[in-house]
file input06.txt (compact mmCIF, C-alpha atoms)
# COMPACT_ATOMS: atom_id res chain seq x y z
CA ASN N 1 31.91 122.40 -32.50
CA ALA N 2 33.56 124.41 -29.75
CA GLY N 3 30.39 126.28 -28.81
CA VAL N 4 31.35 129.43 -26.91
CA THR N 5 35.04 130.08 -26.28
CA GLN N 6 36.71 132.78 -24.20
CA THR N 7 40.27 134.00 -23.98
CA PRO N 8 42.19 134.34 -21.80
CA LYS N 9 41.18 131.94 -19.02
CA PHE N 10 43.07 133.88 -16.37
CA GLN N 11 44.48 137.39 -16.22
CA VAL N 12 46.13 139.56 -13.59
CA LEU N 13 46.24 143.30 -14.18
CA LYS N 14 47.52 146.27 -12.28
CA THR N 15 45.21 149.17 -11.57
CA GLY N 16 45.02 151.42 -14.61
CA GLN N 17 46.03 148.81 -17.17
CA SER N 18 43.78 147.98 -20.08
CA MET N 19 42.83 144.70 -21.63
CA THR N 20 40.30 143.05 -23.94
CA LEU N 21 38.44 139.85 -23.18
CA GLN N 22 37.60 137.87 -26.27
CA CYS N 23 34.54 135.75 -26.93
CA ALA N 24 33.79 133.71 -30.02
CA GLN N 25 30.96 131.35 -30.93
CA ASP N 26 30.39 128.88 -33.71
CA MET N 27 26.69 128.33 -32.98
CA ASN N 28 25.48 130.90 -35.55
CA HIS N 29 23.61 132.70 -32.79
CA ASN N 30 22.55 136.30 -33.20
CA SER N 31 22.59 137.44 -29.58
CA MET N 32 25.66 137.63 -27.37
CA TYR N 33 26.08 138.73 -23.76
CA TRP N 34 28.76 139.62 -21.24
CA TYR N 35 28.19 138.92 -17.55
CA ARG N 36 30.27 139.27 -14.44
CA GLN N 37 29.97 136.82 -11.56
CA ASP N 38 30.80 137.94 -8.06
CA PRO N 39 30.34 136.06 -4.77
CA GLY N 40 26.96 136.83 -3.27
CA MET N 41 25.93 138.90 -6.29
CA GLY N 42 25.08 136.26 -8.84
CA LEU N 43 25.48 137.05 -12.53
CA ARG N 44 25.03 140.63 -13.62
CA LEU N 45 24.70 141.69 -17.23
CA ILE N 46 27.35 144.14 -18.41
CA TYR N 47 26.53 144.57 -22.10
CA TYR N 48 24.71 142.62 -24.75
CA SER N 49 24.39 142.53 -28.50
CA ALA N 50 21.07 141.49 -29.96
CA SER N 51 22.58 141.14 -33.42
CA GLU N 52 25.67 142.00 -35.41
CA GLY N 53 26.16 145.73 -35.42
CA THR N 54 24.16 146.50 -32.27
CA THR N 55 25.17 146.74 -28.62
CA ASP N 56 23.29 147.82 -25.52
CA LYS N 57 24.09 148.45 -21.89
CA GLY N 58 23.12 145.99 -19.24
CA GLU N 59 22.89 146.36 -15.50
CA VAL N 60 26.56 147.24 -14.76
CA PRO N 61 28.17 148.82 -17.86
CA ASN N 62 30.38 151.46 -16.20
CA GLY N 63 34.07 150.95 -16.82
CA TYR N 64 33.53 148.66 -19.81
CA ASN N 65 33.18 148.91 -23.56
CA VAL N 66 32.22 146.26 -26.08
CA SER N 67 32.62 145.54 -29.76
CA ARG N 68 30.54 143.18 -31.82
CA LEU N 69 33.18 142.56 -34.45
CA ASN N 70 31.07 140.21 -36.52
CA LYS N 71 28.41 137.60 -35.89
CA ARG N 72 30.91 135.26 -34.24
CA GLU N 73 32.87 137.61 -31.99
CA PHE N 74 31.96 139.90 -29.10
CA SER N 75 34.77 141.50 -27.10
CA LEU N 76 34.76 143.27 -23.75
CA ARG N 77 37.32 145.98 -23.05
CA LEU N 78 38.48 147.44 -19.78
CA GLU N 79 40.17 150.74 -20.58
CA SER N 80 41.51 151.45 -17.10
CA ALA N 81 41.13 148.47 -14.81
CA ALA N 82 40.12 148.96 -11.18
CA PRO N 83 40.19 146.50 -8.26
CA SER N 84 36.37 146.58 -8.26
CA GLN N 85 36.53 144.85 -11.65
CA THR N 86 38.10 141.77 -10.14
CA SER N 87 35.58 139.11 -11.11
CA VAL N 88 34.83 136.13 -13.28
CA TYR N 89 33.54 137.19 -16.68
CA PHE N 90 31.22 135.02 -18.73
CA CYS N 91 30.22 135.37 -22.33
CA ALA N 92 26.94 133.81 -23.49
CA THR N 93 24.99 133.42 -26.71
CA ARG N 94 21.39 132.86 -27.66
CA GLY N 95 19.63 131.90 -30.86
CA MET N 96 16.41 133.39 -32.18
CA GLY N 97 12.80 132.36 -31.84
CA LEU N 98 10.48 131.23 -29.09
CA ALA N 99 12.26 127.90 -28.76
CA SER N 100 15.65 129.53 -28.41
CA SER N 101 15.41 131.15 -25.02
CA GLU N 102 18.31 129.12 -23.66
CA GLN N 103 21.60 130.94 -23.26
CA PHE N 104 24.86 129.05 -23.82
CA PHE N 105 27.82 130.09 -21.71
CA GLY N 106 31.55 130.15 -22.22
CA PRO N 107 34.00 128.77 -19.65
CA GLY N 108 34.73 132.16 -18.14
CA THR N 109 37.72 134.46 -17.66
CA ARG N 110 38.99 134.96 -14.12
CA LEU N 111 40.34 138.51 -13.83
CA THR N 112 42.24 139.90 -10.87
CA VAL N 113 43.04 143.61 -10.68
CA LEU N 114 45.71 144.51 -8.15
CA ALA E 1 11.69 146.18 -13.25
CA GLN E 2 12.31 142.48 -13.00
CA ARG E 3 13.87 140.89 -9.98
CA VAL E 4 14.75 137.37 -8.88
CA THR E 5 15.24 136.47 -5.24
CA GLN E 6 16.95 133.35 -3.98
CA PRO E 7 16.74 133.64 -0.20
CA GLU E 8 19.31 130.95 0.62
CA LYS E 9 22.97 131.54 -0.21
CA LEU E 10 23.92 128.12 1.13
CA LEU E 11 21.94 124.91 1.45
CA SER E 12 23.32 121.70 2.89
CA VAL E 13 21.51 118.36 2.89
CA PHE E 14 22.40 114.71 3.29
CA LYS E 15 22.38 112.24 0.44
CA GLY E 16 18.91 110.78 -0.04
CA ALA E 17 17.16 113.70 1.62
CA PRO E 18 14.67 115.90 -0.26
CA VAL E 19 15.93 119.26 -1.41
CA GLU E 20 14.13 122.46 -2.33
CA LEU E 21 15.86 125.55 -3.64
CA LYS E 22 13.63 128.58 -3.39
CA CYS E 23 13.13 131.23 -6.04
CA ASN E 24 10.73 134.15 -6.02
CA TYR E 25 10.38 136.70 -8.76
CA SER E 26 8.93 140.09 -9.49
CA TYR E 27 7.81 140.90 -13.03
CA SER E 28 4.90 142.85 -14.45
CA GLY E 29 4.43 140.90 -17.68
CA SER E 30 4.47 137.22 -18.67
CA PRO E 31 7.69 135.73 -17.38
CA GLU E 32 9.73 132.80 -18.53
CA LEU E 33 11.59 131.14 -15.68
CA PHE E 34 14.74 129.05 -15.74
CA TRP E 35 17.09 127.19 -13.47
CA TYR E 36 20.77 127.23 -14.46
CA VAL E 37 23.42 125.11 -12.73
CA GLN E 38 27.17 125.48 -12.42
CA TYR E 39 29.09 122.42 -11.30
CA SER E 40 32.58 122.85 -9.91
CA ARG E 41 35.02 123.95 -12.61
CA GLN E 42 32.35 123.79 -15.31
CA ARG E 43 30.49 126.41 -17.24
CA LEU E 44 26.98 127.52 -16.45
CA GLN E 45 24.33 125.41 -18.16
CA LEU E 46 20.58 125.29 -18.39
CA LEU E 47 18.96 122.77 -16.04
CA LEU E 48 15.32 123.34 -16.85
CA ARG E 49 12.78 125.94 -17.93
CA HIS E 50 9.19 126.24 -16.84
CA ILE E 51 7.64 126.06 -20.31
CA SER E 52 9.13 122.61 -20.87
CA ARG E 53 7.50 121.17 -17.76
CA GLU E 54 10.08 118.40 -17.73
CA SER E 55 12.20 116.67 -15.12
CA ILE E 56 15.96 116.88 -15.57
CA LYS E 57 18.30 114.79 -13.40
CA GLY E 58 15.34 114.21 -11.08
CA PHE E 59 14.73 117.94 -10.59
CA THR E 60 11.38 119.59 -11.18
CA ALA E 61 10.17 123.14 -10.84
CA ASP E 62 6.63 124.46 -11.05
CA LEU E 63 5.78 128.05 -11.81
CA ASN E 64 3.32 129.39 -9.25
CA LYS E 65 2.07 132.70 -10.58
CA GLY E 66 -0.05 133.36 -7.50
CA GLU E 67 2.96 133.14 -5.20
CA THR E 68 5.39 134.37 -7.91
CA SER E 69 7.63 131.42 -7.17
CA PHE E 70 9.61 128.85 -9.15
CA HIS E 71 11.11 126.56 -6.55
CA LEU E 72 13.43 123.73 -7.63
CA LYS E 73 12.80 120.35 -6.02
CA LYS E 74 14.29 116.90 -5.95
CA PRO E 75 12.95 114.10 -3.76
CA PHE E 76 16.27 112.35 -3.15
CA ALA E 77 19.45 114.40 -3.38
CA GLN E 78 22.67 112.87 -4.72
CA GLU E 79 26.25 113.93 -4.04
CA GLU E 80 26.67 114.85 -7.72
CA ASP E 81 23.93 117.46 -7.30
CA SER E 82 26.36 119.62 -5.33
CA ALA E 83 26.67 122.83 -7.36
CA MET E 84 25.71 126.48 -7.59
CA TYR E 85 22.12 126.94 -8.75
CA TYR E 86 20.79 130.13 -10.30
CA CYS E 87 17.19 131.01 -10.91
CA ALA E 88 16.67 133.32 -13.88
CA LEU E 89 13.83 135.24 -15.48
CA SER E 90 13.13 136.73 -18.87
CA ARG E 91 10.27 138.14 -20.85
CA MET E 92 8.16 135.44 -22.49
CA GLY E 93 8.52 135.38 -26.23
CA GLY E 94 12.09 136.50 -26.67
CA GLY E 95 12.56 139.43 -28.97
CA SER E 96 15.58 141.42 -30.00
CA ASN E 97 16.17 142.90 -26.55
CA TYR E 98 15.86 139.61 -24.75
CA LYS E 99 17.74 139.58 -21.44
CA LEU E 100 18.02 137.24 -18.49
CA THR E 101 17.89 138.47 -14.91
CA PHE E 102 19.62 136.12 -12.50
CA GLY E 103 19.18 135.59 -8.80
CA LYS E 104 22.24 135.66 -6.57
CA GLY E 105 22.47 131.89 -6.51
CA THR E 106 22.26 129.08 -3.97
CA LEU E 107 25.23 126.84 -3.30
CA LEU E 108 23.92 123.34 -2.69
CA THR E 109 26.10 120.84 -0.87
CA VAL E 110 24.98 117.24 -0.62
CA ASN E 111 26.82 115.42 2.13
CA PRO E 112 27.45 111.67 2.08

call {"tool": "encode", "arguments": {"input": "input06.txt", "output": "structure tokens"}}
result
Amino acid sequence: NAGVTQTPKFQVLKTGQSMTLQCAQDMNHNSMYWYRQDPGMGLRLIYYSASEGTTDKGEVPNGYNVSRLNKREFSLRLESAAPSQTSVYFCATRGMGLASSEQFFGPGTRLTVL
Amino acid sequence: AQRVTQPEKLLSVFKGAPVELKCNYSYSGSPELFWYVQYSRQRLQLLLRHISRESIKGFTADLNKGETSFHLKKPFAQEEDSAMYYCALSRMGGGSNYKLTFGKGTLLTVNP
């Protein structure tokens, strides 16, 4: 099992360009999350999806959109990239139930916006 | 609102020395506290959670509700413990809108 996978691993964009970050999981988890990681800021939640067909804003949603395509896939789209969106983006999943509070993370996508 | 504070951005110790990474939180309900670790070039992974009350890789953490703290401790640090450590908080019991709030992280360096 691959767990949580993300593509691409690295990306360089010019200001104003658009792109979609892909996340897929084979853990049969209901909940999926997108975070950004910035030096000195920790991980901040961008959007999350509690289950297939639902999405909600997190702490820093501006400039992003998401799609929960199916139970396995949760994509993050930057419509018009800005230098402030230079960051490392992590996708995570979580199962259901009291014993499933652990989140499982993907390897990350390192994005640079010039 | 929930908040997690890790007061130290950087922490450097020598191998064999005790280490304590501090974490304080603010939350109005019943919290569940976690420590996540990110080793160099690896993905973030769960180290331990307070409800398990277990020791992982020699690390322990006790939830102190009076002081609203969840400090991570290890009596004898090893070089392989060098990593970024994040304290995180969520609402106890999960639920459909379950979210984690992370601290800003502490970079631990264990020197030989």

call {"tool": "residues_near_point", "arguments": {"input": "input06.txt", "point": "(28.1, 142.9, -20.6)", "cutoff": "9 Å", "atoms": "only C-alpha atoms", "output": "PDB file with C-alpha atoms, in the frame of the given file"}}
result
ATOM      1  CA  MET N  32      25.660 137.630 -27.370  1.00  0.00           C
ATOM      2  CA  TYR N  33      26.080 138.730 -23.760  1.00  0.00           C
ATOM      3  CA  TRP N  34      28.760 139.620 -21.240  1.00  0.00           C
ATOM      4  CA  TYR N  35      28.190 138.920 -17.550  1.00  0.00           C
ATOM      5  CA  ARG N  36      30.270 139.270 -14.440  1.00  0.00           C
ATOM      6  CA  ARG N  44      25.030 140.630 -13.620  1.00  0.00           C
ATOM      7  CA  LEU N  45      24.700 141.690 -17.230  1.00  0.00           C
ATOM      8  CA  ILE N  46      27.350 144.140 -18.410  1.00  0.00           C
ATOM      9  CA  TYR N  47      26.530 144.570 -22.100  1.00  0.00           C
ATOM     10  CA  TYR N  48      24.710 142.620 -24.750  1.00  0.00           C
ATOM     11  CA  SER N  49      24.390 142.530 -28.500  1.00  0.00           C
ATOM     12  CA  ASP N  56      23.290 147.820 -25.520  1.00  0.00           C
ATOM     13  CA  LYS N  57      24.090 148.450 -21.890  1.00  0.00           C
ATOM     14  CA  GLY N  58      23.120 145.990 -19.240  1.00  0.00           C
ATOM     15  CA  GLU N  59      22.890 146.360 -15.500  1.00  0.00           C
ATOM     16  CA  VAL N  60      26.560 147.240 -14.760  1.00  0.00           C
ATOM     17  CA  PRO N  61      28.170 148.820 -17.860  1.00  0.00           C
ATOM     18  CA  TYR N  64      33.530 148.660 -19.810  1.00  0.00           C
ATOM     19  CA  ASN N  65      33.180 148.910 -23.560  1.00  0.00           C
ATOM     20  CA  VAL N  66      32.220 146.260 -26.080  1.00  0.00           C
ATOM     21  CA  LEU N  76      34.760 143.270 -23.750  1.00  0.00           C
ATOM     22  CA  TYR N  89      33.540 137.190 -16.680  1.00  0.00           C
ATOM     23  CA  PHE N  90      31.220 135.020 -18.730  1.00  0.00           C
ATOM     24  CA  CYS N  91      30.220 135.370 -22.330  1.00  0.00           C
TER      25      CYS N  91
END

call {"tool": "closest_atom_pairs", "arguments": {"input": "input06.txt", "of": "chain E", "to": "chain N", "cutoff": "12 Å", "atoms": "all atoms listed in the file", "output": "CSV"}}
result
residue,atom,partner,partner_atom,distance
E:Ala1,CA,N:Glu59,CA,11.4
E:Gln2,CA,N:Glu59,CA,11.5
E:Arg3,CA,N:Arg44,CA,11.7
E:Val4,CA,N:Gly42,CA,10.4
E:Thr5,CA,N:Gly42,CA,10.5
E:Gln6,CA,N:Gly42,CA,9.9
E:Pro7,CA,N:Gly40,CA,11.1
E:Glu8,CA,N:Gly40,CA,10.4
E:Lys9,CA,N:Gly40,CA,7.3
E:Leu10,CA,N:Gly40,CA,10.2
E:Pro31,CA,N:Ser101,CA,11.8
E:Glu32,CA,N:Ser101,CA,8.8
E:Leu33,CA,N:Ser101,CA,10.1
E:Phe34,CA,N:Glu102,CA,8.7
E:Trp35,CA,N:Glu102,CA,10.4
E:Tyr36,CA,N:Gln103,CA,9.6
E:Val37,CA,N:Phe105,CA,11.2
E:Gln38,CA,N:Phe105,CA,10.4
E:Tyr39,CA,N:Pro107,CA,11.6
E:Ser40,CA,N:Pro107,CA,11.5
E:Arg41,CA,N:Pro107,CA,8.6
E:Gln42,CA,N:Pro107,CA,6.8
E:Arg43,CA,N:Pro107,CA,4.9
E:Leu44,CA,N:Phe105,CA,5.9
E:Gln45,CA,N:Phe104,CA,6.8
E:Leu46,CA,N:Glu102,CA,6.9
E:Leu47,CA,N:Glu102,CA,9.9
E:Leu48,CA,N:Glu102,CA,9.4
E:Arg49,CA,N:Glu102,CA,8.6
E:His50,CA,N:Ser101,CA,11.4
E:Ile51,CA,N:Ala99,CA,9.8
E:Ser52,CA,N:Ala99,CA,10.0
E:Met84,CA,N:Gly42,CA,9.9
E:Tyr85,CA,N:Gly42,CA,9.8
E:Tyr86,CA,N:Gly42,CA,7.6
E:Cys87,CA,N:Gly42,CA,9.7
E:Ala88,CA,N:Leu43,CA,9.7
E:Leu89,CA,N:Ser101,CA,10.5
E:Ser90,CA,N:Ser101,CA,8.6
E:Arg91,CA,N:Ser101,CA,9.6
E:Met92,CA,N:Leu98,CA,8.2
E:Gly93,CA,N:Leu98,CA,5.4
E:Gly94,CA,N:Leu98,CA,6.0
E:Gly95,CA,N:Gly97,CA,7.6
E:Ser96,CA,N:Ala50,CA,5.5
E:Asn97,CA,N:Ala50,CA,6.1
E:Tyr98,CA,N:Ala50,CA,7.6
E:Lys99,CA,N:Tyr48,CA,8.3
E:Leu100,CA,N:Leu45,CA,8.1
E:Thr101,CA,N:Arg44,CA,7.6
E:Phe102,CA,N:Leu43,CA,5.9
E:Gly103,CA,N:Gly42,CA,5.9
E:Lys104,CA,N:Gly42,CA,3.7
E:Gly105,CA,N:Gly42,CA,5.6
E:Thr106,CA,N:Gly40,CA,9.1
E:Leu107,CA,N:Gly40,CA,10.1

call {"tool": "atom_distance", "arguments": {"input": "input06.txt", "atom1": "CA of Phe76 in chain E", "atom2": "CA of Gly16 in chain E"}}
result
4.4 Å

call {"tool": "residues_around", "arguments": {"input": "input06.txt", "residues": "Ala61 in chain E", "least_positions_apart": "4", "cutoff": "10 Å", "atoms": "only C-alpha atoms", "output": "ChimeraX atom specification"}}
result
/E:20-23,33-35,48-50,53-56,69-74

call {"tool": "atom_distance", "arguments": {"input": "input06.txt", "atom1": "CA of Thr7 in chain N", "atom2": "CA of Pro83 in chain N"}}
result
20.1 Å

call {"tool": "residues_near_point", "arguments": {"input": "input06.txt", "point": "(44.9, 145.3, -12.6)", "cutoff": "10 Å", "atoms": "only C-alpha atoms", "output": "ChimeraX atom specification"}}
result
/N:11-19,78,80-86,111-114

call {"tool": "atom_distance", "arguments": {"input": "input06.txt", "atom1": "CA of Asp26 in chain N", "atom2": "CA of Gly53 in chain N"}}
result
17.5 Å

call {"tool": "closest_residue", "arguments": {"input": "input06.txt", "among": "E:Gly66, E:Ser30, E:Pro75, E:Phe59", "to": "Pro18 in chain E", "atoms": "only C-alpha atoms"}}
result
E:Pro75

call {"tool": "axis_aligned_box", "arguments": {"input": "input06.txt", "around": "range 47-54 of chain N", "padding_each_side": "5 Å", "output": "AutoDock Vina command-line options"}}
result
--center_x 23.8 --center_y 143.8 --center_z -28.8 --size_x 15.5 --size_y 15.4 --size_z 23.3

call {"tool": "closest_residue", "arguments": {"input": "input06.txt", "among": "E:Asn24, E:Leu11, E:Val19, E:Val110", "to": "Leu63 in chain E", "atoms": "only C-alpha atoms"}}
result
E:Asn24

call {"tool": "decode", "arguments": {"input": "input06.txt", "residues": "range 26-40 of chain E", "atoms": "N, CA, C and O atoms", "output": "tab-separated table (two decimals), in the first residue's frame"}}
result
chain	number	residue	atom	x	y	z
E	26	SER	N	-4.24	26.25	24.34
E	26	SER	CA	-5.43	26.98	24.78
E	26	SER	C	-6.62	26.35	24.09
E	26	SER	O	-6.65	26.28	22.85
E	27	TYR	N	-7.57	25.86	24.88
E	27	TYR	CA	-8.75	25.19	24.31
E	27	TYR	C	-9.83	25.15	25.36
E	27	TYR	O	-9.57	24.80	26.51
E	28	SER	N	-11.05	25.43	24.98
E	28	SER	CA	-12.14	25.55	25.95
E	28	SER	C	-12.78	24.21	26.30
E	28	SER	O	-13.41	24.09	27.34
E	29	GLY	N	-12.64	23.22	25.44
E	29	GLY	CA	-13.28	21.93	25.69
E	29	GLY	C	-12.29	20.89	26.16
E	29	GLY	O	-11.29	21.19	26.80
E	30	SER	N	-12.58	19.62	25.83
E	30	SER	CA	-11.67	18.52	26.17
E	30	SER	C	-10.72	18.28	25.01
E	30	SER	O	-11.15	17.85	23.95
E	31	PRO	N	-9.46	18.55	25.21
E	31	PRO	CA	-8.52	18.44	24.09
E	31	PRO	C	-7.89	17.05	23.98
E	31	PRO	O	-7.81	16.31	24.96
E	32	GLU	N	-7.49	16.76	22.77
E	32	GLU	CA	-6.61	15.61	22.55
E	32	GLU	C	-5.30	16.18	22.02
E	32	GLU	O	-5.30	16.97	21.08
E	33	LEU	N	-4.20	15.79	22.63
E	33	LEU	CA	-2.90	16.35	22.29
E	33	LEU	C	-2.01	15.31	21.64
E	33	LEU	O	-2.05	14.12	22.00
E	34	PHE	N	-1.20	15.79	20.69
E	34	PHE	CA	-0.31	14.92	19.93
E	34	PHE	C	1.07	15.57	19.80
E	34	PHE	O	1.20	16.79	19.85
E	35	TRP	N	2.05	14.72	19.57
E	35	TRP	CA	3.34	15.16	19.07
E	35	TRP	C	3.59	14.46	17.73
E	35	TRP	O	3.52	13.23	17.65
E	36	TYR	N	3.85	15.29	16.70
E	36	TYR	CA	4.24	14.78	15.39
E	36	TYR	C	5.71	15.12	15.16
E	36	TYR	O	6.21	16.14	15.64
E	37	VAL	N	6.40	14.27	14.40
E	37	VAL	CA	7.82	14.48	14.14
E	37	VAL	C	8.08	14.39	12.63
E	37	VAL	O	7.42	13.64	11.92
E	38	GLN	N	9.00	15.22	12.19
E	38	GLN	CA	9.40	15.20	10.78
E	38	GLN	C	10.92	15.11	10.72
E	38	GLN	O	11.61	16.09	10.99
E	39	TYR	N	11.42	13.92	10.38
E	39	TYR	CA	12.84	13.74	10.18
E	39	TYR	C	13.24	14.29	8.82
E	39	TYR	O	12.40	14.43	7.93
E	40	SER	N	14.51	14.58	8.67
E	40	SER	CA	15.00	15.19	7.44
E	40	SER	C	14.60	14.36	6.22
E	40	SER	O	14.81	13.15	6.19
